[in-house]
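Q: Next comes structure-v3.txt, compact mmCIF, C-alpha atoms (C1' of nucleotides) and all ligand atoms:
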```
# COMPACT_ATOMS: atom_id res chain seq x y z
CA MET K 1 -205.76 161.73 37.71
CA ASN K 2 -205.94 165.37 36.65
CA ASP K 3 -204.78 168.94 37.31
CA GLU K 4 -206.45 168.81 40.68
CA SER K 5 -204.30 165.94 41.88
CA LEU K 6 -201.24 167.98 40.96
CA ARG K 7 -202.42 171.02 42.94
CA GLU K 8 -203.32 168.87 45.91
CA ALA K 9 -199.81 167.49 45.81
CA GLY K 10 -198.43 171.01 45.86
CA LEU K 11 -197.04 170.75 42.35
CA LYS K 12 -197.46 173.49 39.76
CA VAL K 13 -199.70 172.51 36.89
CA THR K 14 -197.19 172.53 34.05
CA ILE K 15 -197.42 171.18 30.53
CA PRO K 16 -194.92 168.36 31.13
CA ARG K 17 -196.70 167.19 34.27
CA VAL K 18 -200.13 167.29 32.69
CA LYS K 19 -198.96 165.46 29.58
CA ILE K 20 -197.16 162.78 31.55
CA LEU K 21 -200.19 162.28 33.75
CA GLU K 22 -202.34 161.90 30.63
CA ILE K 23 -200.00 159.33 29.19
CA LEU K 24 -199.94 157.30 32.37
CA THR K 25 -203.72 157.47 32.55
CA ALA K 26 -204.08 156.36 28.95
CA ASN K 27 -201.86 153.38 29.75
CA LYS K 28 -203.23 152.23 33.07
CA GLN K 29 -202.96 148.63 32.02
CA ARG K 30 -199.23 148.90 31.33
CA HIS K 31 -196.12 149.52 33.37
CA MET K 32 -194.10 152.24 31.64
CA SER K 33 -190.44 153.11 31.89
CA ALA K 34 -189.24 156.72 31.76
CA GLU K 35 -188.09 155.99 28.24
CA ASP K 36 -191.53 154.65 27.30
CA VAL K 37 -193.16 157.84 28.55
CA TYR K 38 -190.59 159.95 26.73
CA LYS K 39 -191.13 158.13 23.43
CA THR K 40 -194.86 158.55 23.76
CA LEU K 41 -194.38 162.27 24.27
CA LEU K 42 -192.29 162.39 21.10
CA THR K 43 -195.01 160.75 19.02
CA GLN K 44 -197.29 163.50 20.29
CA ARG K 45 -194.82 166.18 19.24
CA GLU K 46 -194.48 167.29 22.84
CA GLU K 47 -191.24 169.04 23.66
CA VAL K 48 -190.40 167.55 27.02
CA SER K 49 -186.86 166.53 27.85
CA LEU K 50 -186.01 163.08 29.14
CA ALA K 51 -184.50 164.66 32.24
CA THR K 52 -187.86 166.23 33.01
CA VAL K 53 -189.63 162.92 32.53
CA TYR K 54 -187.34 161.41 35.14
CA ARG K 55 -187.81 164.36 37.47
CA VAL K 56 -191.58 164.33 37.12
CA LEU K 57 -191.91 160.58 37.60
CA THR K 58 -189.79 160.78 40.74
CA GLN K 59 -191.92 163.62 42.06
CA PHE K 60 -195.10 161.76 41.22
CA GLU K 61 -193.74 158.85 43.18
CA SER K 62 -192.90 160.91 46.23
CA VAL K 63 -196.36 162.49 46.35
CA GLY K 64 -198.02 159.13 45.83
CA ILE K 65 -199.35 159.59 42.31
CA VAL K 66 -197.36 156.72 40.86
CA MET K 67 -195.64 153.60 42.07
CA ARG K 68 -192.15 152.61 40.96
CA HIS K 69 -191.20 148.97 40.35
CA ASN K 70 -187.82 147.34 39.76
CA PHE K 71 -188.95 144.11 38.14
CA GLU K 72 -185.72 143.79 36.23
CA GLY K 73 -182.57 145.23 37.68
CA ASP K 74 -181.71 147.58 34.86
CA HIS K 75 -184.58 150.02 34.62
CA ALA K 76 -187.60 151.07 36.62
CA VAL K 77 -191.20 151.03 35.47
CA PHE K 78 -194.09 153.10 36.76
CA GLU K 79 -197.84 152.79 37.05
CA LEU K 80 -200.57 155.08 38.38
CA LYS K 81 -201.15 154.43 42.03
CA GLU K 82 -204.89 155.12 41.89
CA ASN K 83 -205.41 151.44 41.19
CA GLU K 84 -205.80 149.53 44.42
CA HIS K 85 -202.79 147.55 45.67
CA HIS K 86 -201.81 144.41 43.80
CA ASP K 87 -198.83 142.16 43.16
CA HIS K 88 -197.27 140.89 39.93
CA LEU K 89 -196.61 137.87 37.81
CA VAL K 90 -193.73 138.64 35.45
CA CYS K 91 -192.81 136.56 32.41
CA VAL K 92 -189.02 136.23 32.38
CA ARG K 93 -189.01 135.69 28.65
CA CYS K 94 -191.37 138.21 27.02
CA GLY K 95 -191.68 140.63 29.91
CA LYS K 96 -195.46 140.34 30.11
CA VAL K 97 -196.85 141.38 33.48
CA GLU K 98 -200.09 140.21 35.06
CA GLU K 99 -201.51 141.57 38.27
CA PHE K 100 -203.21 139.81 41.13
CA VAL K 101 -204.36 140.28 44.70
CA ASP K 102 -204.58 137.54 47.26
CA GLU K 103 -206.13 138.25 50.61
CA THR K 104 -204.58 135.24 52.27
CA ILE K 105 -201.11 136.44 51.37
CA GLU K 106 -201.89 140.02 52.32
CA LYS K 107 -202.93 138.94 55.79
CA ARG K 108 -199.98 136.65 56.34
CA GLN K 109 -197.61 139.44 55.40
CA GLN K 110 -199.02 141.68 58.08
CA GLN K 111 -198.68 138.94 60.65
CA ILE K 112 -195.09 138.29 59.59
CA ALA K 113 -194.19 141.97 59.81
CA LYS K 114 -195.77 142.28 63.23
CA GLN K 115 -194.00 139.16 64.42
CA ALA K 116 -190.63 140.55 63.32
CA ASN K 117 -191.48 143.86 64.93
CA PHE K 118 -191.37 145.69 61.61
CA LYS K 119 -193.80 148.50 60.88
CA MET K 120 -194.68 147.56 57.32
CA THR K 121 -194.87 150.50 54.93
CA ASP K 122 -195.08 148.57 51.72
CA HIS K 123 -194.36 145.25 50.13
CA ALA K 124 -193.75 143.75 46.74
CA LEU K 125 -194.42 140.19 45.68
CA ASN K 126 -193.23 139.27 42.24
CA ILE K 127 -193.74 135.82 40.85
CA TYR K 128 -191.38 135.15 37.95
CA GLY K 129 -191.93 132.47 35.36
CA LEU K 130 -193.01 131.69 31.84
CA CYS K 131 -196.37 132.94 30.66
CA GLY K 132 -198.69 130.64 28.73
CA THR K 133 -197.44 131.89 25.39
CA CYS K 134 -193.77 131.51 26.26
CA GLN K 135 -193.82 128.04 27.72
CA MET Z 1 -169.26 125.92 49.35
CA ASN Z 2 -165.80 124.81 48.15
CA ASP Z 3 -163.65 123.90 45.18
CA GLU Z 4 -165.81 120.86 44.54
CA SER Z 5 -168.90 122.96 43.93
CA LEU Z 6 -166.94 124.90 41.33
CA ARG Z 7 -165.86 121.75 39.51
CA GLU Z 8 -169.35 120.33 39.64
CA ALA Z 9 -170.55 123.51 38.02
CA GLY Z 10 -167.99 123.08 35.28
CA LEU Z 11 -166.00 126.12 36.34
CA LYS Z 12 -162.22 126.09 36.61
CA VAL Z 13 -160.96 126.40 40.16
CA THR Z 14 -159.26 129.79 40.03
CA ILE Z 15 -157.99 132.06 42.79
CA PRO Z 16 -160.65 134.74 42.19
CA ARG Z 17 -163.47 132.20 42.28
CA VAL Z 18 -162.19 130.48 45.38
CA LYS Z 19 -161.65 133.76 47.20
CA ILE Z 20 -165.06 135.11 46.29
CA LEU Z 21 -166.68 131.89 47.38
CA GLU Z 22 -164.85 132.13 50.70
CA ILE Z 23 -166.01 135.68 51.22
CA LEU Z 24 -169.61 134.81 50.47
CA THR Z 25 -169.38 131.85 52.83
CA ALA Z 26 -167.90 133.98 55.58
CA ASN Z 27 -170.80 136.39 55.17
CA LYS Z 28 -173.76 134.06 54.87
CA GLN Z 29 -175.83 136.27 57.08
CA ARG Z 30 -175.38 139.30 54.82
CA HIS Z 31 -176.38 140.25 51.31
CA MET Z 32 -173.31 141.57 49.53
CA SER Z 33 -172.99 143.79 46.48
CA ALA Z 34 -170.23 143.28 43.92
CA GLU Z 35 -168.57 146.33 45.42
CA ASP Z 36 -168.80 144.84 48.92
CA VAL Z 37 -167.10 141.69 47.74
CA TYR Z 38 -164.45 143.70 45.92
CA LYS Z 39 -163.68 145.83 48.98
CA THR Z 40 -163.38 142.72 51.10
CA LEU Z 41 -160.89 141.31 48.62
CA LEU Z 42 -158.88 144.51 48.88
CA THR Z 43 -158.65 144.31 52.65
CA GLN Z 44 -157.24 140.82 52.11
CA ARG Z 45 -154.63 142.12 49.67
CA GLU Z 46 -156.13 139.96 46.94
CA GLU Z 47 -155.51 141.20 43.43
CA VAL Z 48 -158.86 140.61 41.81
CA SER Z 49 -160.36 143.18 39.50
CA LEU Z 50 -163.86 144.50 39.97
CA ALA Z 51 -164.72 143.30 36.47
CA THR Z 52 -163.85 139.78 37.53
CA VAL Z 53 -165.98 140.08 40.64
CA TYR Z 54 -168.94 140.96 38.45
CA ARG Z 55 -168.17 138.16 36.03
CA VAL Z 56 -167.76 135.57 38.76
CA LEU Z 57 -170.91 136.60 40.61
CA THR Z 58 -172.90 136.40 37.39
CA GLN Z 59 -171.49 132.96 36.66
CA PHE Z 60 -172.19 131.81 40.18
CA GLU Z 61 -175.74 132.93 39.69
CA SER Z 62 -176.19 131.07 36.44
CA VAL Z 63 -174.88 127.82 37.88
CA GLY Z 64 -177.02 128.24 40.98
CA ILE Z 65 -174.32 128.96 43.54
CA VAL Z 66 -175.67 132.38 44.45
CA MET Z 67 -178.91 134.26 44.20
CA ARG Z 68 -179.14 137.85 42.99
CA HIS Z 69 -181.56 140.35 44.54
CA ASN Z 70 -182.62 143.81 43.43
CA PHE Z 71 -183.93 145.16 46.71
CA GLU Z 72 -183.06 148.70 45.71
CA GLY Z 73 -183.09 149.70 42.10
CA ASP Z 74 -179.52 150.89 41.80
CA HIS Z 75 -177.38 147.87 42.62
CA ALA Z 76 -177.77 144.15 43.05
CA VAL Z 77 -176.84 142.12 46.11
CA PHE Z 78 -175.95 138.45 46.30
CA GLU Z 79 -176.15 135.65 48.83
CA LEU Z 80 -175.12 131.99 48.76
CA LYS Z 81 -177.95 129.86 47.52
CA GLU Z 82 -177.12 126.89 49.72
CA ASN Z 83 -179.48 128.33 52.30
CA GLU Z 84 -182.97 127.12 51.65
CA HIS Z 85 -185.43 129.49 49.97
CA HIS Z 86 -186.68 132.44 51.98
CA ASP Z 87 -188.14 135.90 51.57
CA HIS Z 88 -187.13 139.25 53.05
CA LEU Z 89 -188.13 142.01 55.40
CA VAL Z 90 -186.16 145.13 54.49
CA CYS Z 91 -185.84 148.19 56.73
CA VAL Z 92 -186.27 151.24 54.52
CA ARG Z 93 -184.28 153.38 56.92
CA CYS Z 94 -181.19 151.44 58.02
CA GLY Z 95 -181.19 148.79 55.30
CA LYS Z 96 -181.34 145.89 57.74
CA VAL Z 97 -182.63 142.70 56.16
CA GLU Z 98 -184.39 139.86 57.97
CA GLU Z 99 -185.34 136.61 56.34
CA PHE Z 100 -188.43 134.48 56.73
CA VAL Z 101 -190.29 131.59 55.20
CA ASP Z 102 -194.02 131.16 55.29
CA GLU Z 103 -195.53 127.97 54.00
CA THR Z 104 -198.99 129.44 53.62
CA ILE Z 105 -197.66 132.11 51.30
CA GLU Z 106 -195.47 129.67 49.40
CA LYS Z 107 -198.47 127.48 48.65
CA ARG Z 108 -200.72 130.33 47.64
CA GLN Z 109 -198.10 131.57 45.21
CA GLN Z 110 -198.02 128.26 43.44
CA GLN Z 111 -201.78 128.24 43.15
CA ILE Z 112 -201.78 131.77 41.80
CA ALA Z 113 -199.14 130.95 39.19
CA LYS Z 114 -200.99 127.86 38.09
CA GLN Z 115 -204.24 129.78 37.90
CA ALA Z 116 -202.64 132.41 35.64
CA ASN Z 117 -201.07 129.65 33.57
CA PHE Z 118 -197.55 130.77 34.47
CA LYS Z 119 -194.82 128.22 34.99
CA MET Z 120 -193.22 129.75 38.07
CA THR Z 121 -189.43 129.71 38.04
CA ASP Z 122 -188.87 131.95 41.00
CA HIS Z 123 -190.44 134.59 43.17
CA ALA Z 124 -189.45 137.41 45.45
CA LEU Z 125 -191.48 138.74 48.32
CA ASN Z 126 -190.06 141.80 50.00
CA ILE Z 127 -191.79 143.42 52.91
CA TYR Z 128 -190.56 146.98 53.40
CA GLY Z 129 -190.92 148.90 56.62
CA LEU Z 130 -189.20 150.18 59.73
CA CYS Z 131 -187.34 147.72 61.89
CA GLY Z 132 -187.73 147.79 65.63
CA THR Z 133 -184.68 150.00 66.11
CA CYS Z 134 -185.70 152.53 63.49
CA GLN Z 135 -189.32 153.05 64.49
C1' DA I 1 -142.25 118.27 34.18
C1' DA I 2 -142.91 120.62 29.84
C1' DC I 3 -146.63 121.35 26.06
C1' DT I 4 -151.12 122.98 24.57
C1' DT I 5 -155.21 125.48 24.37
C1' DA I 6 -159.62 126.98 25.81
C1' DA I 7 -161.07 129.52 29.49
C1' DA I 8 -160.15 133.24 32.79
C1' DT I 9 -158.42 137.64 34.12
C1' DG I 10 -156.88 142.74 34.39
C1' DA I 11 -157.16 147.22 32.88
C1' DG I 12 -159.54 150.45 30.97
C1' DA I 13 -162.93 151.92 27.66
C1' DA I 14 -167.75 151.64 26.72
C1' DT I 15 -172.74 151.35 27.98
C1' DC I 16 -176.92 152.64 29.84
C1' DA I 17 -180.12 154.30 33.01
C1' DT I 18 -180.57 158.06 35.88
C1' DT I 19 -179.04 162.45 38.04
C1' DT I 20 -177.26 167.09 38.24
C1' DG I 21 -175.48 171.90 37.34
C1' DC I 22 -176.78 175.89 35.49
C1' DA I 23 -178.80 179.29 32.53
C1' DT I 24 -183.35 180.28 31.02
C1' DC I 25 -188.35 180.05 31.29
C1' DT I 26 -193.03 180.04 33.37
C1' DG I 27 -197.08 179.32 36.54
C1' DG I 28 -199.72 181.67 39.61
C1' DG I 29 -200.14 185.09 43.32
C1' DC I 30 -200.30 190.32 43.74
C1' DG E 1 -198.23 193.22 33.78
C1' DC E 2 -194.66 192.23 37.64
C1' DC E 3 -192.18 189.06 40.41
C1' DC E 4 -189.86 184.95 41.85
C1' DA E 5 -189.75 180.28 43.51
C1' DG E 6 -190.16 176.48 41.21
C1' DA E 7 -189.76 174.07 36.65
C1' DT E 8 -187.39 172.92 32.49
C1' DG E 9 -183.85 172.04 28.71
C1' DC E 10 -179.46 170.79 27.60
C1' DA E 11 -175.34 168.88 28.30
C1' DA E 12 -172.16 167.03 31.30
C1' DA E 13 -171.62 163.97 35.24
C1' DT E 14 -172.52 159.66 37.71
C1' DG E 15 -172.51 155.03 39.05
C1' DA E 16 -173.34 150.38 38.31
C1' DT E 17 -172.38 146.92 35.16
C1' DT E 18 -170.51 145.14 30.76
C1' DC E 19 -167.32 144.63 27.11
C1' DT E 20 -162.78 144.51 24.41
C1' DC E 21 -158.60 142.65 23.93
C1' DA E 22 -153.97 141.58 25.20
C1' DT E 23 -152.00 138.56 28.60
C1' DT E 24 -152.15 134.80 31.94
C1' DT E 25 -153.44 130.37 33.77
C1' DA E 26 -155.88 125.91 34.91
C1' DA E 27 -155.80 121.40 33.77
C1' DG E 28 -155.66 117.81 30.41
C1' DT E 29 -151.96 115.53 27.39
C1' DT E 30 -147.56 113.89 26.03
MN MN P 201 -199.16 146.75 38.50
MN MN P 202 -181.63 136.33 51.99
ZN ZN P 203 -194.00 135.44 28.15
ZN ZN P 204 -183.92 149.85 60.50
```
Please express the file's structure as structure tokens.
A:
Amino acid sequence: MNDESLREAGLKVTIPRVKILEILTANKQRHMSAEDVYKTLLTQREEVSLATVYRVLTQFESVGIVMRHNFEGDHAVFELKENEHHDHLVCVRCGKVEEFVDETIEKRQQQIAKQANFKMTDHALNIYGLCGTCQ
Amino acid sequence: MNDESLREAGLKVTIPRVKILEILTANKQRHMSAEDVYKTLLTQREEVSLATVYRVLTQFESVGIVMRHNFEGDHAVFELKENEHHDHLVCVRCGKVEEFVDETIEKRQQQIAKQANFKMTDHALNIYGLCGTCQ
DNA sequence: AACTTAAATGAGAATCATTTGCATCTGGGC
DNA sequence: GCCCAGATGCAAATGATTCTCATTTAAGTT
């Protein structure tokens, strides 16, 4: 969540990385696309190129700082990984995303993976539907 | 699974649609990308453009003949929807996909959606990991 | 079987998100 | 301050998917 996490990950502490980390931290409740992060940088008069935003987010993902999601097929969204694991409810109309954790499901997944002889590294459960407002 | 399903869906019975339906039927066990379908058409000397493959697959999806998945962010894959609902185990190394259904999880999902006041229209549970061969 | 027309298709251009090549810049160790 | 691997900006390249538009075709109607 700060310069230290960058050093620990073996990444130089550069302006773009620090700024992007700040933005993600200030938006923990959201799921931001590269474009979202880029626009936020612009409003802060930060001179960071979109290409760098993509590069940094990808690096953050590979060192475990963020998690990438492909809720909709056309663009990825990211969120800080410090939050404990959780799954998502996605409104197919307004795009709203709610998070949840269900122990019963978590356990069953492990059993299913073991049964199929898969060594589970990750999983993603997305429930799509209409949120209260959109129904 | 045949011309009748096209008519029922209100779609004209055209060569491209029939051929694509045949290919999907002959590959029920797989999950095919638009490109996969297109290449298969080529090996059969069928003159169908890639644009049409995309159009047809999208139409098939909207009338419920196929289901679209976004396992990996960069391209979608499709499978006939006649098969009953199921979720997926995806090998992150070789791409192998296994299917499964778990009633416990299905039920919990409904409860979770109801609890969050979402009207669930669909859901996707993907368990990622290493398959037996790849471990 | 020929006539009619809305729907379907092919070919290629256009989009859009994401990636890359390359010249230039900079963080951090000495 | 010096050095250089790693980082960045910019623009061009990619790759999947969509769109435009001229041409063709399925299928209902004489
Ligand atoms: Mn989340
Ligand atoms: Mn499947
Ligand atoms: Zn909504
Ligand atoms: Zn495998």
Q: Interatomic distance between CA of Lys81 (chain K) and CA of Thr121 (chain K)?
A: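 Computing the Euclidean distance for CA of Lys81 (chain K) and CA of Thr121 (chain K) yields 14.9 Å.
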Q: Just need chain K moved onto chain Z: least-squares over all Cα atoms matched in order, then output as a compact mmCIF listing (two decimals) with C-alpha atoms, keeping the file's coordinate frame.
A:
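Output contents, as saved in part-v2.txt:
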```
# COMPACT_ATOMS: atom_id res chain seq x y z
CA MET K 1 -169.39 125.77 49.08
CA ASN K 2 -165.92 124.75 47.92
CA ASP K 3 -163.69 123.86 44.97
CA GLU K 4 -165.88 120.89 44.26
CA SER K 5 -168.94 123.02 43.65
CA LEU K 6 -166.94 125.00 41.11
CA ARG K 7 -165.85 121.87 39.23
CA GLU K 8 -169.36 120.48 39.27
CA ALA K 9 -170.52 123.73 37.73
CA GLY K 10 -167.93 123.35 35.00
CA LEU K 11 -165.93 126.34 36.17
CA LYS K 12 -162.15 126.30 36.48
CA VAL K 13 -160.94 126.50 40.05
CA THR K 14 -159.21 129.87 39.97
CA ILE K 15 -157.96 132.08 42.77
CA PRO K 16 -160.62 134.76 42.24
CA ARG K 17 -163.45 132.24 42.26
CA VAL K 18 -162.19 130.44 45.33
CA LYS K 19 -161.63 133.68 47.23
CA ILE K 20 -165.03 135.06 46.33
CA LEU K 21 -166.69 131.82 47.35
CA GLU K 22 -164.86 131.99 50.69
CA ILE K 23 -166.00 135.53 51.27
CA LEU K 24 -169.61 134.71 50.50
CA THR K 25 -169.41 131.70 52.79
CA ALA K 26 -167.91 133.75 55.60
CA ASN K 27 -170.81 136.19 55.22
CA LYS K 28 -173.76 133.87 54.86
CA GLN K 29 -175.84 136.05 57.11
CA ARG K 30 -175.37 139.11 54.92
CA HIS K 31 -176.37 140.14 51.43
CA MET K 32 -173.27 141.50 49.67
CA SER K 33 -172.95 143.78 46.69
CA ALA K 34 -170.17 143.33 44.13
CA GLU K 35 -168.51 146.33 45.70
CA ASP K 36 -168.76 144.76 49.17
CA VAL K 37 -167.06 141.61 47.91
CA TYR K 38 -164.40 143.67 46.15
CA LYS K 39 -163.63 145.71 49.27
CA THR K 40 -163.34 142.56 51.32
CA LEU K 41 -160.86 141.18 48.82
CA LEU K 42 -158.82 144.37 49.15
CA THR K 43 -158.60 144.06 52.92
CA GLN K 44 -157.21 140.58 52.30
CA ARG K 45 -154.61 141.94 49.90
CA GLU K 46 -156.10 139.87 47.11
CA GLU K 47 -155.46 141.19 43.63
CA VAL K 48 -158.80 140.65 41.98
CA SER K 49 -160.29 143.29 39.72
CA LEU K 50 -163.79 144.62 40.21
CA ALA K 51 -164.66 143.50 36.69
CA THR K 52 -163.80 139.95 37.66
CA VAL K 53 -165.92 140.17 40.78
CA TYR K 54 -168.87 141.13 38.60
CA ARG K 55 -168.10 138.39 36.11
CA VAL K 56 -167.72 135.74 38.79
CA LEU K 57 -170.87 136.72 40.66
CA THR K 58 -172.85 136.60 37.42
CA GLN K 59 -171.43 133.17 36.63
CA PHE K 60 -172.15 131.95 40.13
CA GLU K 61 -175.70 133.10 39.64
CA SER K 62 -176.14 131.32 36.34
CA VAL K 63 -174.84 128.02 37.73
CA GLY K 64 -176.99 128.38 40.83
CA ILE K 65 -174.30 129.04 43.42
CA VAL K 66 -175.65 132.43 44.39
CA MET K 67 -178.89 134.33 44.19
CA ARG K 68 -179.10 137.94 43.03
CA HIS K 69 -181.53 140.41 44.61
CA ASN K 70 -182.55 143.92 43.56
CA PHE K 71 -183.92 145.19 46.85
CA GLU K 72 -183.08 148.75 45.96
CA GLY K 73 -183.08 149.80 42.35
CA ASP K 74 -179.51 151.00 42.15
CA HIS K 75 -177.35 147.99 42.92
CA ALA K 76 -177.70 144.25 43.25
CA VAL K 77 -176.81 142.15 46.26
CA PHE K 78 -175.92 138.48 46.38
CA GLU K 79 -176.17 135.62 48.84
CA LEU K 80 -175.15 131.96 48.71
CA LYS K 81 -177.97 129.87 47.40
CA GLU K 82 -177.17 126.85 49.57
CA ASN K 83 -179.50 128.28 52.19
CA GLU K 84 -183.02 127.05 51.62
CA HIS K 85 -185.48 129.45 49.97
CA HIS K 86 -186.72 132.41 51.98
CA ASP K 87 -188.16 135.88 51.53
CA HIS K 88 -187.12 139.25 52.95
CA LEU K 89 -188.09 142.06 55.25
CA VAL K 90 -186.12 145.16 54.28
CA CYS K 91 -185.79 148.27 56.43
CA VAL K 92 -186.20 151.28 54.13
CA ARG K 93 -184.21 153.45 56.47
CA CYS K 94 -181.12 151.53 57.64
CA GLY K 95 -181.13 148.82 54.99
CA LYS K 96 -181.29 145.98 57.51
CA VAL K 97 -182.61 142.76 56.01
CA GLU K 98 -184.36 139.95 57.86
CA GLU K 99 -185.33 136.66 56.31
CA PHE K 100 -188.43 134.57 56.73
CA VAL K 101 -190.32 131.65 55.26
CA ASP K 102 -194.05 131.23 55.39
CA GLU K 103 -195.60 128.02 54.18
CA THR K 104 -199.04 129.51 53.78
CA ILE K 105 -197.71 132.12 51.39
CA GLU K 106 -195.56 129.62 49.54
CA LYS K 107 -198.57 127.44 48.85
CA ARG K 108 -200.81 130.29 47.78
CA GLN K 109 -198.20 131.46 45.32
CA GLN K 110 -198.15 128.11 43.61
CA GLN K 111 -201.91 128.10 43.36
CA ILE K 112 -201.90 131.62 41.93
CA ALA K 113 -199.28 130.73 39.34
CA LYS K 114 -201.17 127.62 38.31
CA GLN K 115 -204.41 129.57 38.09
CA ALA K 116 -202.80 132.13 35.78
CA ASN K 117 -201.27 129.34 33.75
CA PHE K 118 -197.74 130.44 34.59
CA LYS K 119 -195.01 127.88 35.15
CA MET K 120 -193.39 129.45 38.18
CA THR K 121 -189.59 129.40 38.13
CA ASP K 122 -188.98 131.68 41.04
CA HIS K 123 -190.52 134.38 43.15
CA ALA K 124 -189.51 137.21 45.40
CA LEU K 125 -191.51 138.67 48.25
CA ASN K 126 -190.05 141.73 49.85
CA ILE K 127 -191.75 143.44 52.73
CA TYR K 128 -190.51 147.00 53.14
CA GLY K 129 -190.85 149.01 56.31
CA LEU K 130 -189.12 150.35 59.37
CA CYS K 131 -187.25 147.94 61.59
CA GLY K 132 -187.64 148.11 65.36
CA THR K 133 -184.59 150.31 65.75
CA CYS K 134 -185.62 152.77 63.06
CA GLN K 135 -189.21 153.34 64.06
```
Q: List all protein, DNA and RNA residues that have any atom at most 12 Å from ligand MN 202 (chain P), counting all atoms listed in the file, and write the list as a PDB file with C-alpha atoms, in the coordinates of the input.
A:
```
ATOM      1  CA  ASN Z  27    -170.800 136.390  55.170  1.00  0.00           C
ATOM      2  CA  LYS Z  28    -173.760 134.060  54.870  1.00  0.00           C
ATOM      3  CA  GLN Z  29    -175.830 136.270  57.080  1.00  0.00           C
ATOM      4  CA  ARG Z  30    -175.380 139.300  54.820  1.00  0.00           C
ATOM      5  CA  HIS Z  31    -176.380 140.250  51.310  1.00  0.00           C
ATOM      6  CA  MET Z  32    -173.310 141.570  49.530  1.00  0.00           C
ATOM      7  CA  VAL Z  66    -175.670 132.380  44.450  1.00  0.00           C
ATOM      8  CA  MET Z  67    -178.910 134.260  44.200  1.00  0.00           C
ATOM      9  CA  ARG Z  68    -179.140 137.850  42.990  1.00  0.00           C
ATOM     10  CA  HIS Z  69    -181.560 140.350  44.540  1.00  0.00           C
ATOM     11  CA  ASN Z  70    -182.620 143.810  43.430  1.00  0.00           C
ATOM     12  CA  PHE Z  71    -183.930 145.160  46.710  1.00  0.00           C
ATOM     13  CA  VAL Z  77    -176.840 142.120  46.110  1.00  0.00           C
ATOM     14  CA  PHE Z  78    -175.950 138.450  46.300  1.00  0.00           C
ATOM     15  CA  GLU Z  79    -176.150 135.650  48.830  1.00  0.00           C
ATOM     16  CA  LEU Z  80    -175.120 131.990  48.760  1.00  0.00           C
ATOM     17  CA  LYS Z  81    -177.950 129.860  47.520  1.00  0.00           C
ATOM     18  CA  GLU Z  82    -177.120 126.890  49.720  1.00  0.00           C
ATOM     19  CA  ASN Z  83    -179.480 128.330  52.300  1.00  0.00           C
ATOM     20  CA  GLU Z  84    -182.970 127.120  51.650  1.00  0.00           C
ATOM     21  CA  HIS Z  85    -185.430 129.490  49.970  1.00  0.00           C
ATOM     22  CA  HIS Z  86    -186.680 132.440  51.980  1.00  0.00           C
ATOM     23  CA  ASP Z  87    -188.140 135.900  51.570  1.00  0.00           C
ATOM     24  CA  HIS Z  88    -187.130 139.250  53.050  1.00  0.00           C
ATOM     25  CA  LEU Z  89    -188.130 142.010  55.400  1.00  0.00           C
ATOM     26  CA  VAL Z  90    -186.160 145.130  54.490  1.00  0.00           C
ATOM     27  CA  LYS Z  96    -181.340 145.890  57.740  1.00  0.00           C
ATOM     28  CA  VAL Z  97    -182.630 142.700  56.160  1.00  0.00           C
ATOM     29  CA  GLU Z  98    -184.390 139.860  57.970  1.00  0.00           C
ATOM     30  CA  GLU Z  99    -185.340 136.610  56.340  1.00  0.00           C
ATOM     31  CA  PHE Z 100    -188.430 134.480  56.730  1.00  0.00           C
ATOM     32  CA  VAL Z 101    -190.290 131.590  55.200  1.00  0.00           C
ATOM     33  CA  ALA Z 124    -189.450 137.410  45.450  1.00  0.00           C
ATOM     34  CA  LEU Z 125    -191.480 138.740  48.320  1.00  0.00           C
ATOM     35  CA  ASN Z 126    -190.060 141.800  50.000  1.00  0.00           C
TER      36      ASN Z 126
END
```
Q: I'd like the contact shell of DT19 (chain I) - 10 Å cut-off, all atoms listed in the file, skipping same-chain residues fewer than 6 positions apart - returned as a PyMOL selection string.
A: (chain K and resi 51+54-55) or (chain E and resi 13-15)
Q: Hey, list the chain I side of the contact with chain K: 9 Å cut-off, only C-alpha atoms (C1' of nucleotides), answer as a tab-separated table (two decimals) with C-alpha atoms (C1' of nucleotides), keeping the file's coordinate frame.
A:
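What landed in part_30.tsv:
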```
chain	number	residue	atom	x	y	z
I	16	DC	C1'	-176.92	152.64	29.84
I	17	DA	C1'	-180.12	154.30	33.01
I	18	DT	C1'	-180.57	158.06	35.88
I	19	DT	C1'	-179.04	162.45	38.04
I	26	DT	C1'	-193.03	180.04	33.37
I	27	DG	C1'	-197.08	179.32	36.54
I	28	DG	C1'	-199.72	181.67	39.61
```
